[in-house]
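So this block is my_file.cif, mmCIF, C-alpha atoms (C1' of nucleotides):
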```cif
data_query
loop_
_atom_site.group_PDB
_atom_site.id
_atom_site.type_symbol
_atom_site.label_atom_id
_atom_site.label_comp_id
_atom_site.auth_asym_id
_atom_site.auth_seq_id
_atom_site.Cartn_x
_atom_site.Cartn_y
_atom_site.Cartn_z
ATOM 1 C CA MET A 1 0.000 0.000 0.000
ATOM 2 C CA ASN A 2 1.012 3.508 -0.526
ATOM 3 C CA THR A 3 0.848 5.845 2.379
ATOM 4 C CA ASN A 4 1.241 8.947 0.355
ATOM 5 C CA MET A 5 0.889 9.222 -3.342
ATOM 6 C CA ALA A 6 -2.372 10.930 -4.037
ATOM 7 C CA THR A 7 -0.444 14.112 -3.470
ATOM 8 C CA PRO A 8 -1.168 16.240 -6.486
ATOM 9 C CA SER A 9 0.154 18.904 -4.191
ATOM 10 C CA ALA A 10 1.462 22.173 -5.416
ATOM 11 C CA ILE A 11 4.900 20.955 -4.409
ATOM 12 C CA ASP A 12 4.788 18.266 -7.083
ATOM 13 C CA ARG A 13 3.863 20.725 -9.782
ATOM 14 C CA THR A 14 6.406 23.223 -8.532
ATOM 15 C CA LEU A 15 9.177 20.650 -8.710
ATOM 16 C CA SER A 16 8.098 19.519 -12.157
ATOM 17 C CA ALA A 17 8.080 23.090 -13.339
ATOM 18 C CA LEU A 18 11.532 23.774 -11.953
ATOM 19 C CA ALA A 19 12.970 20.509 -13.247
ATOM 20 C CA ASP A 20 13.243 21.826 -16.783
ATOM 21 C CA PRO A 21 16.587 23.591 -17.318
ATOM 22 C CA THR A 22 15.015 26.316 -19.425
ATOM 23 C CA ARG A 23 12.438 27.132 -16.799
ATOM 24 C CA ARG A 24 15.103 26.995 -14.122
ATOM 25 C CA GLY A 25 17.068 29.469 -16.190
ATOM 26 C CA VAL A 26 14.045 31.721 -16.586
ATOM 27 C CA VAL A 27 13.590 31.799 -12.841
ATOM 28 C CA ASP A 28 17.244 32.626 -12.331
ATOM 29 C CA ARG A 29 16.967 35.370 -14.892
ATOM 30 C CA LEU A 30 13.829 36.845 -13.382
ATOM 31 C CA ARG A 31 15.729 37.122 -10.145
ATOM 32 C CA GLN A 32 17.498 40.115 -11.636
ATOM 33 C CA ARG A 33 14.363 41.937 -12.784
ATOM 34 C CA PRO A 34 11.065 41.385 -14.595
ATOM 35 C CA HIS A 35 11.388 40.546 -18.292
ATOM 36 C CA PRO A 36 9.115 40.630 -21.337
ATOM 37 C CA ALA A 37 8.327 37.259 -22.894
ATOM 38 C CA GLY A 38 10.143 38.030 -26.122
ATOM 39 C CA GLU A 39 13.242 39.059 -24.270
ATOM 40 C CA LEU A 40 13.263 35.726 -22.490
ATOM 41 C CA ALA A 41 12.825 33.807 -25.732
ATOM 42 C CA ALA A 42 15.758 35.662 -27.226
ATOM 43 C CA ALA A 43 17.874 35.199 -24.120
ATOM 44 C CA PHE A 44 17.456 31.447 -24.338
ATOM 45 C CA ASP A 45 17.793 31.293 -28.105
ATOM 46 C CA MET A 46 14.388 29.750 -28.400
ATOM 47 C CA SER A 47 11.326 30.332 -30.556
ATOM 48 C CA PRO A 48 8.599 32.483 -29.015
ATOM 49 C CA PRO A 49 6.078 29.611 -28.974
ATOM 50 C CA ALA A 50 8.435 27.401 -27.014
ATOM 51 C CA MET A 51 9.097 30.082 -24.438
ATOM 52 C CA SER A 52 5.408 30.884 -24.289
ATOM 53 C CA ARG A 53 4.659 27.331 -23.277
ATOM 54 C CA HIS A 54 7.341 27.383 -20.602
ATOM 55 C CA LEU A 55 5.915 30.606 -19.244
ATOM 56 C CA ARG A 56 2.480 29.084 -19.195
ATOM 57 C CA VAL A 57 3.762 26.214 -17.056
ATOM 58 C CA LEU A 58 5.442 28.642 -14.686
ATOM 59 C CA ARG A 59 2.274 30.700 -14.573
ATOM 60 C CA GLN A 60 0.049 27.703 -13.850
ATOM 61 C CA THR A 61 2.202 26.754 -10.894
ATOM 62 C CA GLY A 62 2.170 30.318 -9.644
ATOM 63 C CA LEU A 63 5.921 30.733 -9.972
ATOM 64 C CA VAL A 64 5.541 33.791 -12.185
ATOM 65 C CA GLU A 65 2.888 36.341 -12.942
ATOM 66 C CA GLU A 66 2.108 38.103 -16.164
ATOM 67 C CA ASN A 67 1.510 41.823 -16.517
ATOM 68 C CA VAL A 68 0.760 43.914 -19.535
ATOM 69 C CA ASP A 69 3.386 46.534 -20.114
ATOM 70 C CA ALA A 70 2.205 50.019 -19.320
ATOM 71 C CA ASP A 71 3.763 51.609 -22.399
ATOM 72 C CA ASP A 72 3.071 48.874 -24.947
ATOM 73 C CA ALA A 73 0.074 46.662 -24.369
ATOM 74 C CA ARG A 74 1.454 44.011 -26.704
ATOM 75 C CA VAL A 75 4.272 43.263 -24.341
ATOM 76 C CA ARG A 76 3.721 40.822 -21.465
ATOM 77 C CA VAL A 77 6.089 41.352 -18.602
ATOM 78 C CA TYR A 78 6.838 38.399 -16.338
ATOM 79 C CA ARG A 79 8.014 38.514 -12.765
ATOM 80 C CA LEU A 80 8.530 36.046 -9.945
ATOM 81 C CA ARG A 81 5.927 35.235 -7.345
ATOM 82 C CA PRO A 82 7.058 34.209 -3.856
ATOM 83 C CA GLU A 83 4.430 31.735 -2.714
ATOM 84 C CA PRO A 84 5.549 28.520 -4.459
ATOM 85 C CA PHE A 85 9.138 29.088 -3.426
ATOM 86 C CA ALA A 86 8.107 29.518 0.174
ATOM 87 C CA ALA A 87 6.014 26.365 -0.016
ATOM 88 C CA LEU A 88 8.888 24.415 -1.514
ATOM 89 C CA ARG A 89 11.226 25.662 1.157
ATOM 90 C CA GLY A 90 8.685 24.577 3.739
ATOM 91 C CA TRP A 91 8.709 21.053 2.350
ATOM 92 C CA LEU A 92 12.486 21.059 2.215
ATOM 93 C CA GLU A 93 12.809 22.107 5.820
ATOM 94 C CA GLU A 94 10.325 19.429 6.725
ATOM 95 C CA VAL A 95 12.499 16.844 5.018
ATOM 96 C CA GLU A 96 15.605 18.231 6.620
ATOM 97 C CA SER A 97 14.031 17.926 10.036
ATOM 98 C CA PHE A 98 14.791 14.241 9.520
ATOM 99 C CA TRP A 99 18.439 14.824 10.341
ATOM 100 C CA GLU A 100 17.652 17.067 13.248
ATOM 101 C CA ASP A 101 15.789 14.146 14.714
ATOM 102 C CA GLN A 102 18.657 11.821 13.872
ATOM 103 C CA LEU A 103 21.113 14.245 15.408
ATOM 104 C CA GLY A 104 19.040 14.626 18.527
ATOM 105 C CA ALA A 105 18.758 10.886 18.897
ATOM 106 C CA PHE A 106 22.459 10.487 18.280
ATOM 107 C CA LYS A 107 23.361 13.117 20.837
ATOM 108 C CA ALA A 108 21.114 11.536 23.401
ATOM 109 C CA HIS A 109 22.545 8.151 22.632
ATOM 110 C CA ALA A 110 26.121 9.401 22.733
ATOM 111 C CA GLU A 111 25.476 10.942 26.080
ATOM 112 C CA ARG A 112 24.237 7.663 27.434
ATOM 113 C CA THR A 113 27.003 5.554 25.942
ATOM 114 C CA ARG A 114 30.128 7.629 25.955
ATOM 115 C CA GLY A 115 33.152 6.247 24.148
ATOM 116 C CA THR A 116 31.336 3.600 22.169
ATOM 117 C CA LYS A 117 30.968 3.484 18.415
ATOM 118 C CA PRO A 118 28.453 5.721 16.685
ATOM 119 C CA PRO A 119 25.253 4.168 15.315
ATOM 120 C CA GLY A 120 25.172 2.708 11.841
ATOM 121 C CA GLY A 121 27.580 -0.147 12.211
ATOM 122 C CA ARG A 122 26.560 -1.243 8.742
ATOM 123 C CA LYS A 123 28.809 -2.615 6.109
ATOM 124 C CA SER A 124 30.298 0.035 3.846
ATOM 125 C CA MET B 1 22.340 33.696 -27.774
ATOM 126 C CA ASN B 2 22.000 32.337 -24.419
ATOM 127 C CA THR B 3 23.376 34.192 -21.482
ATOM 128 C CA ASN B 4 22.847 31.505 -18.929
ATOM 129 C CA MET B 5 22.256 27.888 -19.510
ATOM 130 C CA ALA B 6 25.535 26.117 -18.912
ATOM 131 C CA THR B 7 24.337 25.343 -15.408
ATOM 132 C CA PRO B 8 24.687 21.583 -15.229
ATOM 133 C CA SER B 9 24.723 22.193 -11.532
ATOM 134 C CA ALA B 10 23.751 19.597 -9.024
ATOM 135 C CA ILE B 11 20.658 21.679 -8.413
ATOM 136 C CA ASP B 12 19.367 20.849 -11.869
ATOM 137 C CA ARG B 13 19.812 17.139 -11.353
ATOM 138 C CA THR B 14 18.347 17.330 -7.888
ATOM 139 C CA LEU B 15 15.234 19.050 -9.185
ATOM 140 C CA SER B 16 14.888 16.576 -12.037
ATOM 141 C CA ALA B 17 15.189 13.716 -9.594
ATOM 142 C CA LEU B 18 12.579 15.174 -7.274
ATOM 143 C CA ALA B 19 10.220 16.068 -10.100
ATOM 144 C CA ASP B 20 9.031 12.494 -10.508
ATOM 145 C CA PRO B 21 6.080 11.751 -8.192
ATOM 146 C CA THR B 22 7.345 8.295 -7.391
ATOM 147 C CA ARG B 23 10.755 9.547 -6.368
ATOM 148 C CA ARG B 24 9.155 12.376 -4.402
ATOM 149 C CA GLY B 25 7.109 9.730 -2.641
ATOM 150 C CA VAL B 26 10.180 7.652 -1.941
ATOM 151 C CA VAL B 27 11.872 10.622 -0.339
ATOM 152 C CA ASP B 28 8.802 11.316 1.773
ATOM 153 C CA ARG B 29 8.731 7.705 2.806
ATOM 154 C CA LEU B 30 12.420 7.590 3.684
ATOM 155 C CA ARG B 31 11.800 10.510 5.992
ATOM 156 C CA GLN B 32 10.231 8.050 8.373
ATOM 157 C CA ARG B 33 13.073 5.550 8.346
ATOM 158 C CA PRO B 34 15.418 3.689 6.003
ATOM 159 C CA HIS B 35 13.754 1.102 3.763
ATOM 160 C CA PRO B 36 14.865 -1.913 1.737
ATOM 161 C CA ALA B 37 14.453 -1.605 -2.021
ATOM 162 C CA GLY B 38 11.859 -4.320 -2.233
ATOM 163 C CA GLU B 39 9.780 -2.721 0.460
ATOM 164 C CA LEU B 40 9.727 0.487 -1.524
ATOM 165 C CA ALA B 41 8.715 -1.287 -4.715
ATOM 166 C CA ALA B 42 5.841 -2.933 -2.879
ATOM 167 C CA ALA B 43 4.833 0.303 -1.192
ATOM 168 C CA PHE B 44 4.446 1.994 -4.547
ATOM 169 C CA ASP B 45 2.864 -0.985 -6.240
ATOM 170 C CA MET B 46 5.618 -1.099 -8.768
ATOM 171 C CA SER B 47 7.847 -3.785 -10.249
ATOM 172 C CA PRO B 48 11.272 -4.144 -8.639
ATOM 173 C CA PRO B 49 13.113 -3.114 -11.815
ATOM 174 C CA ALA B 50 11.165 0.122 -12.042
ATOM 175 C CA MET B 51 11.897 1.005 -8.441
ATOM 176 C CA SER B 52 15.502 0.003 -8.902
ATOM 177 C CA ARG B 53 15.882 2.567 -11.639
ATOM 178 C CA HIS B 54 14.277 5.284 -9.535
ATOM 179 C CA LEU B 55 16.639 4.442 -6.724
ATOM 180 C CA ARG B 56 19.551 4.651 -9.087
ATOM 181 C CA VAL B 57 18.534 8.149 -10.094
ATOM 182 C CA LEU B 58 18.214 9.173 -6.470
ATOM 183 C CA ARG B 59 21.576 7.589 -5.744
ATOM 184 C CA GLN B 60 23.302 9.327 -8.632
ATOM 185 C CA THR B 61 22.121 12.692 -7.406
ATOM 186 C CA GLY B 62 23.216 11.874 -3.893
ATOM 187 C CA LEU B 63 19.714 12.096 -2.468
ATOM 188 C CA VAL B 64 19.904 8.586 -1.042
ATOM 189 C CA GLU B 65 22.597 6.123 -0.132
ATOM 190 C CA GLU B 66 22.574 2.380 -0.348
ATOM 191 C CA ASN B 67 23.726 0.023 2.385
ATOM 192 C CA VAL B 68 23.796 -3.720 2.525
ATOM 193 C CA ASP B 69 21.694 -5.048 5.345
ATOM 194 C CA ALA B 70 23.743 -6.434 8.201
ATOM 195 C CA ASP B 71 21.541 -9.481 8.702
ATOM 196 C CA ASP B 72 20.828 -10.358 5.066
ATOM 197 C CA ALA B 73 23.373 -9.306 2.466
ATOM 198 C CA ARG B 74 20.827 -9.640 -0.309
ATOM 199 C CA VAL B 75 18.862 -6.704 1.032
ATOM 200 C CA ARG B 76 19.844 -3.149 0.070
ATOM 201 C CA VAL B 77 18.696 -0.582 2.572
ATOM 202 C CA TYR B 78 18.194 2.973 1.355
ATOM 203 C CA ARG B 79 18.316 6.118 3.433
ATOM 204 C CA LEU B 80 18.297 9.855 2.813
ATOM 205 C CA ARG B 81 21.415 11.954 2.442
ATOM 206 C CA PRO B 82 21.339 15.581 3.518
ATOM 207 C CA GLU B 83 23.686 17.349 1.110
ATOM 208 C CA PRO B 84 21.454 17.785 -1.966
ATOM 209 C CA PHE B 85 18.602 19.028 0.163
ATOM 210 C CA ALA B 86 20.834 21.597 1.783
ATOM 211 C CA ALA B 87 22.099 22.707 -1.621
ATOM 212 C CA LEU B 88 18.574 23.026 -2.944
ATOM 213 C CA ARG B 89 17.544 25.039 0.067
ATOM 214 C CA GLY B 90 20.549 27.268 -0.530
ATOM 215 C CA TRP B 91 19.386 27.979 -4.059
ATOM 216 C CA LEU B 92 15.838 28.580 -2.858
ATOM 217 C CA GLU B 93 16.958 31.069 -0.286
ATOM 218 C CA GLU B 94 19.043 32.776 -2.924
ATOM 219 C CA VAL B 95 15.968 33.107 -5.097
ATOM 220 C CA GLU B 96 13.924 34.329 -2.207
ATOM 221 C CA SER B 97 16.444 37.039 -1.482
ATOM 222 C CA PHE B 98 14.877 38.675 -4.512
ATOM 223 C CA TRP B 99 11.910 39.796 -2.474
ATOM 224 C CA GLU B 100 14.061 40.930 0.393
ATOM 225 C CA ASP B 101 15.758 43.244 -2.071
ATOM 226 C CA GLN B 102 12.408 44.379 -3.357
ATOM 227 C CA LEU B 103 11.254 45.041 0.166
ATOM 228 C CA GLY B 104 14.440 46.886 1.000
ATOM 229 C CA ALA B 105 14.123 49.039 -2.078
ATOM 230 C CA PHE B 106 10.531 49.769 -1.246
ATOM 231 C CA LYS B 107 11.367 50.700 2.290
ATOM 232 C CA ALA B 108 14.138 52.980 1.156
ATOM 233 C CA HIS B 109 11.884 54.580 -1.383
ATOM 234 C CA ALA B 110 9.142 55.118 1.154
ATOM 235 C CA GLU B 111 11.630 56.649 3.499
ATOM 236 C CA ARG B 112 12.776 59.128 0.898
ATOM 237 C CA THR B 113 9.355 60.110 -0.340
ATOM 238 C CA ARG B 114 7.482 60.275 2.938
ATOM 239 C CA GLY B 115 8.112 61.851 6.259
ATOM 240 C CA THR B 116 7.145 58.761 8.196
ATOM 241 C CA LYS B 117 9.561 55.893 8.210
ATOM 242 C CA PRO B 118 8.612 52.248 8.505
ATOM 243 C CA PRO B 119 9.753 50.303 11.554
ATOM 244 C CA GLY B 120 13.041 48.482 11.544
ATOM 245 C CA GLY B 121 16.558 49.196 10.419
ATOM 246 C CA ARG B 122 17.660 50.428 7.041
ATOM 247 C CA LYS B 123 19.700 48.939 4.298
ATOM 248 C CA SER B 124 23.133 50.189 3.421
ATOM 249 C "C1'" DA C 1 24.476 -29.287 -3.659
ATOM 250 C "C1'" DA C 2 19.984 -27.377 -5.416
ATOM 251 C "C1'" DA C 3 16.322 -24.337 -4.854
ATOM 252 C "C1'" DG C 4 14.454 -19.984 -3.461
ATOM 253 C "C1'" DT C 5 14.870 -14.922 -2.601
ATOM 254 C "C1'" DC C 6 16.511 -10.020 -3.326
ATOM 255 C "C1'" DG C 7 17.954 -6.736 -6.379
ATOM 256 C "C1'" DT C 8 20.068 -5.435 -10.421
ATOM 257 C "C1'" DT C 9 20.777 -4.779 -15.667
ATOM 258 C "C1'" DA C 10 19.019 -5.580 -20.583
ATOM 259 C "C1'" DA C 11 15.700 -5.121 -24.282
ATOM 260 C "C1'" DC C 12 11.534 -3.412 -25.725
ATOM 261 C "C1'" DG C 13 6.925 -0.737 -26.247
ATOM 262 C "C1'" DA C 14 4.153 3.379 -24.857
ATOM 263 C "C1'" DC C 15 3.462 7.890 -23.559
ATOM 264 C "C1'" DA C 16 4.488 12.757 -22.103
ATOM 265 C "C1'" DG C 17 7.203 16.780 -22.926
ATOM 266 C "C1'" DG C 18 9.643 19.953 -25.557
ATOM 267 C "C1'" DG C 19 10.957 21.798 -30.114
ATOM 268 C "C1'" DT C 20 9.513 23.877 -34.697
ATOM 269 C "C1'" DG C 21 6.696 26.558 -38.253
ATOM 270 C "C1'" DA C 22 2.057 28.301 -39.538
ATOM 271 C "C1'" DA C 23 -2.009 30.663 -38.217
ATOM 272 C "C1'" DT C 24 -4.684 33.848 -34.954
ATOM 273 C "C1'" DG C 25 -5.675 37.913 -31.900
ATOM 274 C "C1'" DA C 26 -4.362 42.164 -30.073
ATOM 275 C "C1'" DT C 27 -1.874 46.437 -30.260
ATOM 276 C "C1'" DT C 28 1.060 49.949 -32.311
ATOM 277 C "C1'" DA C 29 3.238 52.511 -36.209
ATOM 278 C "C1'" DA C 30 3.022 54.515 -41.028
ATOM 279 C "C1'" DT D 1 -6.647 51.764 -43.213
ATOM 280 C "C1'" DT D 2 -2.781 49.016 -43.912
ATOM 281 C "C1'" DA D 3 1.361 47.071 -42.411
ATOM 282 C "C1'" DA D 4 4.335 45.569 -38.782
ATOM 283 C "C1'" DT D 5 5.109 43.735 -34.091
ATOM 284 C "C1'" DC D 6 4.320 40.925 -29.736
ATOM 285 C "C1'" DA D 7 2.679 36.897 -27.900
ATOM 286 C "C1'" DT D 8 -0.260 33.280 -27.940
ATOM 287 C "C1'" DT D 9 -2.465 28.711 -29.531
ATOM 288 C "C1'" DC D 10 -2.505 24.929 -33.083
ATOM 289 C "C1'" DA D 11 -0.726 20.933 -35.572
ATOM 290 C "C1'" DC D 12 2.955 18.154 -35.983
ATOM 291 C "C1'" DC D 13 7.644 15.421 -35.106
ATOM 292 C "C1'" DC D 14 10.919 13.511 -32.157
ATOM 293 C "C1'" DT D 15 13.706 12.485 -28.343
ATOM 294 C "C1'" DG D 16 13.700 10.943 -23.325
ATOM 295 C "C1'" DT D 17 11.683 8.701 -19.751
ATOM 296 C "C1'" DC D 18 8.800 5.404 -17.362
ATOM 297 C "C1'" DG D 19 6.879 0.938 -17.131
ATOM 298 C "C1'" DT D 20 6.877 -4.037 -18.212
ATOM 299 C "C1'" DT D 21 8.977 -8.932 -18.748
ATOM 300 C "C1'" DA D 22 13.111 -11.814 -19.120
ATOM 301 C "C1'" DA D 23 17.684 -12.922 -17.795
ATOM 302 C "C1'" DC D 24 21.512 -12.530 -14.603
ATOM 303 C "C1'" DG D 25 24.502 -12.368 -10.222
ATOM 304 C "C1'" DA D 26 24.642 -12.502 -5.276
ATOM 305 C "C1'" DC D 27 23.238 -14.444 -1.149
ATOM 306 C "C1'" DT D 28 20.482 -17.549 2.007
ATOM 307 C "C1'" DT D 29 18.169 -21.699 3.191
ATOM 308 C "C1'" DT D 30 17.341 -26.559 3.256
#
```
Using structure tokens, write down the structure from this file.
Amino acid sequence: MNTNMATPSAIDRTLSALADPTRRGVVDRLRQRPHPAGELAAAFDMSPPAMSRHLRVLRQTGLVEENVDADDARVRVYRLRPEPFAALRGWLEEVESFWEDQLGAFKAHAERTRGTKPPGGRKS
Amino acid sequence: MNTNMATPSAIDRTLSALADPTRRGVVDRLRQRPHPAGELAAAFDMSPPAMSRHLRVLRQTGLVEENVDADDARVRVYRLRPEPFAALRGWLEEVESFWEDQLGAFKAHAERTRGTKPPGGRKS
DNA sequence: AAAGTCGTTAACGACAGGGTGAATGATTAA
DNA sequence: TTAATCATTCACCCTGTCGTTAACGACTTT
């Protein structure tokens, strides 16, 4: 049985979205400042349709938002949105709490059994 | 031309590895405790070969490590490794610094344009 | 020793995802 | 108005990835 798999959670979609190198690059680029769609396509040497689809994925996961340029309504300006990143970091910290627990248990154990070998006497 | 794409960084591989729902599930499951490969295959209702390949991906990105069971050398026990998670969190926090900058800029701007200053220190 | 178990690699089919060029809608420039 | 520009969606191809079964090596059990 599977304890947890019906997790269509936002985390899953966020990770899928960020898994693609192009989209990862777009995020890294948007860290500097907002960019128009065409500028992003050019920056990644990619046809506008291809970039448009990537941006749609990022939009659907809430990683970016689209705004119409104030001076030229044809231009769509994209910028980062914080929520999915915060959620992903939350999951990460949750996972990392694993080692805090391990560490706590180890410390407690070490305190009880000073001078003995550390846990994990497995074959290497 | 492409300004930034030669980022074969471990982050990319880590995200790709975590993008798959099965592998995400494996990680979530290993949070509880280490598991033998076969147990994981059963837990996800998947053939051993399929799970074996997922585990290989996770191994190659350093997300898990394999150990031979002390009592039965046929059994491979998998457990989480912290490094890739820490690296991913590092990248996330880097991305999130974006909004800190935004906030700082906003605060500074508000301080210049208005007589009242928001609470807290200022950026330099 | 032979048989059974655990996990891997190998070979193959099926599907999703990402790329392109053409066509469409919306806006701006001549 | 007509032409040009920005970005999208549409219709395809094509590579990569995920899943299966079969075969193999390693170890345990009887």
(request) Excluding Arg23 (chain B) and residues on its chain fewer than 6 positions from it, collect all residues at most 9 Å away from it, counting all atoms listed in the file, and give them as a list of chain:residue names. (result) B:Ala17, B:Met51, B:His54, B:Leu55, B:Val57, B:Leu58
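For chain B, the residues within 12 Å of chain C are Pro36, Ala37, Gly38, Glu39, Leu40, Ala41, Ser47, Pro48, Pro49, Ala50, Met51, Ser52, Arg53, Leu55, Arg56, Glu66, Val68, Asp69, Asp72, Ala73, Arg74, Val75, Arg76 and Val77 of chain B, with all atoms listed in the file used to measure distance.
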Could you make a table, as a tab-separated table, of the residues of chain D that have an atom within 10 Å of an atom of chain A, each with its nearest atom pair and distance in Å to one decimal, counting only C-alpha atoms (C1' of nucleotides), in chain and number order?
```
residue	atom	partner	partner_atom	distance
D:DT5	C1'	A:Arg74	CA	8.2
D:DC6	C1'	A:Arg74	CA	5.2
D:DA7	C1'	A:Arg74	CA	7.3
D:DT8	C1'	A:Ser52	CA	7.2
D:DT9	C1'	A:Pro49	CA	8.6
```
(message) So that I can see what lies close to Ser16 (chain A), please list as a VMD selection string the residues with an atom at most 8 Å from it, counting all atoms listed in the file and leaving out residues fewer than 6 positions away in the same chain.
(response) chain B and resid 15 to 16 18 to 20
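Residues of chain B having any atom within 6 Å of chain A, counting all atoms listed in the file, are Met1, Asn2, Leu15, Ser16, Ala19, Arg31, Ala43, Phe44, Ala70 and Phe98 of chain B.
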Report, as AutoDock Vina command-line options, the centre and edge lengths in Å (one decimal) of the axis-aligned box enclosing every listed atom of region 11-19 of chain B, padded by 8 Å on each side.
```
--center_x 15.4 --center_y 17.7 --center_z -9.7 --size_x 26.4 --size_y 24.0 --size_z 20.8
```
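CA of Arg79 (chain B) lies 8.5 Å from CA of Leu63 (chain B).
Here CA of His35 (chain B) and CA of Tyr78 (chain B) stand 5.4 Å from one another.
Counting from CA of Pro34 (chain B), the distance to CA of Val64 (chain B) is 9.7 Å.
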